[in-house]
Amino acid sequence: MKTGIAVCAIVSLLFISIVLPPPFRVGSAQSGRKVPKPTPVPPAESPKQPEAKPKFVPDPDADKFKLVFPISYGKKLYKDPPKDRKEKKEREKEIERVDETRIVSYRNSFIDELNKAGERGYRLTALGSPLIAIVRLGAVQYEYAWFETTSKFNIFKDGLEGKYAELAEQGYSVVDRNFLGGVCESEHDDSMFPNLFPCIYRDLFILERAKGVETPSQFKLASHEPSWSELWPDAPLTRQINESMGWGFDPILALSKCEVLLQRNADKGEFLSEGTEVKVVTRNVKKKVNELARQGYRLALTYFLIAVMYRHRDNTTPVSYIWLDGRKKKSFDQELARLQGSGAIYRMIYPDFYGIEHTLIFEQPAVDVSKRREYKVLKIELQETENFADQKVDFDLAPSSKETIKTLNSLVKEGFVVRDLFVSESLVANKASILLERAQ
C-alpha cells in the first residue's frame with residue numbers, strides 16, 4: 001500500500017443540515033431551598049471585602065502588531081549522511097514513523113506562542129499558511145484553544161460539533177480555521193481516480209475567549225448532504241442560514257460548499273437582526289458572486305467553491321468583485337496599484353482546492369468614491385535551524401524579516417492597519433505576505 005499526497009500543506013507542515021438541533025450546550029444550575037438550623041449569632045465584625053482584581057494594562061511601548069509562529073517542532077535528525085541505500089531507506093521509514101509527532105509538536109508550539117501573546121494583550125487578527133498569525137495589541141487579555149477534525153471527505157468536518165461543544169461550555173468561540181491538508185491511500189501511484197481511495201482530511205480550528213470569561217457560547221452548523229438530484233446545496237444552506245439568523249445566530253465561517261458555521265452574538269456587523277437577506281453560492285462562484293453583487297448583495301464569507309452573501313433592505317447599491325492572484329509576481333503590483341486608484345476595497349481571501357490562501361478579493365464600487373484606500377504589501381520569511389542536541393527544528397524570522405516587522409509597525413504609526421495574510425510563493429518556501437491598508 002503506497003501513500004499519495006493529495007495536499008502539499010501537510011507534508012510541508014507549513015504552510016452543526018441544521019436539523020432543529022439538540023439543545024444548545026449551555027447548562028443552568030438549579031438547586032432546592034433548605035431551611036437552616038438556628039445558630040448562635042457571631043460577634044459583629046467588619047465584613048471582608050474581596051481583593052480587587054488588578055486591571056490589565058498593556059505595555060505602552062509594545063508594538064501594535066506582532067507576528068506569531070511556531071518556534072520549533074520535533075524531528076529526527078542525523079548529522080552524517082546515510083552510508084548506503086539500505087541505511088537511507090531505514091532513515092526514511094524512521095522519519096515517517098515520527099511524522100505525526102512532528103505535526104503535533106509544530107501545532108502545539110504555535111498555540112503556545114499564541115497564548116503568550118494573548119497574555120500580553122494581543123488578539124488574533126489574521127491566520128495564514130504556513131501556521132502563522134498576525135496579532136493586534138489591545139486592552140484585554142485573551143486565551144486560545146484548539147481542536148482538530150479528521151474527515152474522509154473534505155466537504156464535511158467529522159466530529160466538529162462534539163469537539164466544539166466541549167470548549168464552548170468553557171466560553172471559547174471559534175475564530176478561525178486552518179486546512180492542514182489531506183492524505184489518500186492508493187495501490188497505484190498512477191491511479192486516475194484518487195478520490196475512490198480512502199482519504200483523510202485534517203482541519204485545525206482556533207478558538208478564543210477573554211481571559212477568565214467562561215460564559216458558555218452557542219453555535220449551529222448549517223449543513224447539506226449532496227445527492228444525485230441536488231448536487232449543489234445553495235438553496236438548503238441559504239434557507240438554514242436565514243432561519244438561524246432569525247434565532248440570533250450569525251454565519252462566521254464557510255467551511256466547505258456543504259457546511260457553514262454560525263454563532264450567537266458573533267458581533268458580525270454586516271448581519272443585522274432585521275432586514276438582512278442571505279444567499280449562498282456554491283457553483284460558478286466568481287460569476288454568481290458578481291451576478292448577486294449587481295443586485296446589491298455583498299460578500300460576507302468565502303471558502304473554496306462557496307460564498308455567503310448578504311443584502312440589507314435599505315442598501316441595494318450594486319458593486320462588483322475582482323479576484324487578484326498573489327502569486328503573479330509580474331502583474332500583482334501593477335494590478336494592486338490599479339485597484340487602489342479605482343477606489344477598490346479589500347474584503348477577504350479566496351483559498352484554492354488545497355486551502356492555500358493566495359487570491360485576494362476586492363470590492364469595486366459602481367460609482368467613484370471620494371475616500372480611497374492605500375495598500376502596501378510586506379513579505380516575511382521564516383528560517384529553520386536544525387537542533388541536533390534536542391532533535392528538533394527551530395524557527396525564527398530571517399534577519400531581513402525582523403527589519404520588515406519594524407517597518408510594519410512604523411507604517412502602523414502612519415495610519416496603516418494589517419488587513420490579512422496571504423501566500424505569494426510556495427508554502428515550502430516558508431514565506432508569507434502581509435497586506436496593509438490606510439484610508440486616504
# chains A, B, ... in the order shown; residues from 1 in each chain; ligands from 1
>>> select_by_dssp(residues="stretch 332-409 of chain A", states="helix (DSSP H, G or I)", output="JSON, numbers by chain")
{"A": [332, 333, 334, 335, 336, 337, 338, 339, 340, 341, 399, 400, 401, 402, 403, 404, 405, 406, 407, 408, 409]}
>>> residues_around(residues="A:Val289", least_positions_apart="2", cutoff="10 Å", atoms="only C-alpha atoms", output="PyMOL selection string")
chain A and resi 279-287+291-294+297-299+306-309+320-321
>>> write_last_selection(atoms="C-alpha atoms", output="CSV table (one decimal), in the first residue's frame")
chain,number,residue,atom,x,y,z
A,279,LYS,CA,-27.8,33.9,-0.2
A,280,VAL,CA,-25.2,31.1,-0.6
A,281,VAL,CA,-23.3,30.4,-3.8
A,282,THR,CA,-21.7,27.0,-4.4
A,283,ARG,CA,-21.0,26.8,-8.1
A,284,ASN,CA,-19.5,29.1,-10.7
A,285,VAL,CA,-18.6,31.2,-7.7
A,286,LYS,CA,-16.9,34.1,-9.3
A,287,LYS,CA,-19.7,34.5,-11.9
A,291,GLU,CA,-24.4,38.5,-10.6
A,292,LEU,CA,-25.7,38.9,-7.0
A,293,ALA,CA,-23.4,41.9,-6.4
A,294,ARG,CA,-25.2,43.7,-9.3
A,297,TYR,CA,-25.5,41.7,-2.4
A,298,ARG,CA,-22.2,41.9,-0.6
A,299,LEU,CA,-19.6,39.2,0.2
A,306,ILE,CA,-18.6,28.6,-1.6
A,307,ALA,CA,-19.5,32.3,-1.0
A,308,VAL,CA,-22.0,33.6,1.6
A,309,MET,CA,-23.5,36.9,0.6
A,320,SER,CA,-18.6,44.2,-8.4
A,321,TYR,CA,-15.8,41.9,-7.1
>>> atom_distance(atom1="atom CA of A:Ile200", atom2="atom CA of A:Phe110")
22.4 Å
>>> residues_around(residues="A:Glu143", least_positions_apart="5", cutoff="8 Å", atoms="only C-alpha atoms", output="list of chain:residue names")
A:Asn115, A:Gly118, A:Glu119, A:Glu208, A:Arg209, A:Ala210, A:Lys211
>>> residues_around(residues="A:Leu131", least_positions_apart="2", cutoff="10 Å", atoms="only C-alpha atoms", output="list in words")
Leu13, Leu14, Phe15, Val68, Phe69, Pro70, Tyr106, Arg107, Phe110, Ile111, Leu127, Gly128, Ser129, Ala133, Asn178, Phe179, Leu180, Leu204 and Asn430 of chain A
>>> residues_around(residues="A:Arg311", least_positions_apart="6", cutoff="9 Å", atoms="only C-alpha atoms", output="short mmCIF file (atom, residue, chain, number, x, y, z; two decimals) with C-alpha atoms, in the first residue's frame")
data_model
loop_
_atom_site.label_atom_id
_atom_site.label_comp_id
_atom_site.auth_asym_id
_atom_site.auth_seq_id
_atom_site.Cartn_x
_atom_site.Cartn_y
_atom_site.Cartn_z
CA GLU A 270 -22.96 43.04 8.23
CA PHE A 271 -25.64 40.69 9.63
CA GLY A 275 -33.91 43.47 7.05
CA THR A 276 -30.93 41.32 6.04
CA GLU A 277 -31.21 38.58 3.43
CA VAL A 278 -28.50 35.97 2.88
CA LYS A 279 -27.76 33.87 -0.18
CA GLN A 295 -28.41 43.10 -7.27
CA GLY A 296 -26.92 44.77 -4.19
CA TYR A 297 -25.54 41.72 -2.37
CA ARG A 298 -22.18 41.91 -0.60
#
>>> atom_distance(atom1="atom CA of A:Arg327", atom2="atom CA of A:Thr125")
22.5 Å
>>> residues_around(residues="stretch 236-243 of chain A", least_positions_apart="5", cutoff="8 Å", atoms="only C-alpha atoms", output="CSV table (one decimal) with N, CA and C atoms, in the first residue's frame")
chain,number,residue,atom,x,y,z
A,17,SER,N,-27.1,19.3,8.1
A,17,SER,CA,-28.3,20.2,7.8
A,17,SER,C,-28.8,20.7,9.1
A,18,ILE,N,-29.0,22.1,9.2
A,18,ILE,CA,-29.5,22.4,10.6
A,18,ILE,C,-30.8,21.7,10.7
A,222,ALA,N,-24.9,24.8,9.8
A,222,ALA,CA,-25.7,24.7,8.7
A,222,ALA,C,-25.0,23.7,7.7
A,223,SER,N,-25.7,22.6,7.4
A,223,SER,CA,-25.0,21.6,6.5
A,223,SER,C,-26.0,21.0,5.6
A,224,HIS,N,-25.5,20.4,4.5
A,224,HIS,CA,-26.3,19.8,3.5
A,224,HIS,C,-25.6,18.7,2.8
A,250,ASP,N,-25.3,34.2,13.7
A,250,ASP,CA,-24.7,34.8,12.6
A,250,ASP,C,-23.7,33.8,11.9
A,251,PRO,N,-23.6,33.8,10.6
A,251,PRO,CA,-22.5,33.0,10.0
A,251,PRO,C,-21.1,33.6,10.3
A,258,CYS,N,-20.6,22.6,1.6
A,258,CYS,CA,-21.7,21.9,2.2
A,258,CYS,C,-21.9,22.3,3.7
A,259,GLU,N,-21.0,23.1,4.2
A,259,GLU,CA,-21.1,23.5,5.7
A,259,GLU,C,-20.7,24.9,5.9
A,260,VAL,N,-21.6,25.6,6.8
A,260,VAL,CA,-21.3,26.9,7.3
A,260,VAL,C,-21.5,27.0,8.8
A,277,GLU,N,-31.0,39.8,4.1
A,277,GLU,CA,-31.2,38.6,3.4
A,277,GLU,C,-29.9,38.0,3.0
A,278,VAL,N,-29.7,36.7,3.2
A,278,VAL,CA,-28.5,36.0,2.9
A,278,VAL,C,-28.7,35.0,1.7
A,279,LYS,N,-27.7,34.9,0.9
A,279,LYS,CA,-27.8,33.9,-0.2
A,279,LYS,C,-26.4,33.2,-0.2
A,280,VAL,N,-26.5,31.9,-0.5
A,280,VAL,CA,-25.2,31.1,-0.6
A,280,VAL,C,-25.0,30.7,-2.1
>>> atom_distance(atom1="atom CA of A:Arg419", atom2="atom CA of A:Phe304")
20.0 Å
>>> residues_around(residues="stretch 217-220 of chain A", least_positions_apart="2", cutoff="6 Å", atoms="only C-alpha atoms", output="VMD selection string")
chain A and resid 16 168 171 262 to 264
>>> write_last_selection(atoms="C-alpha atoms", output="CSV table (one decimal), in the first residue's frame")
chain,number,residue,atom,x,y,z
A,16,ILE,CA,-23.7,21.5,13.0
A,168,ALA,CA,-18.0,26.2,24.1
A,171,GLY,CA,-16.6,30.1,27.0
A,262,LEU,CA,-22.8,30.1,12.9
A,263,GLN,CA,-22.5,31.6,16.3
A,264,ARG,CA,-24.8,33.5,18.6
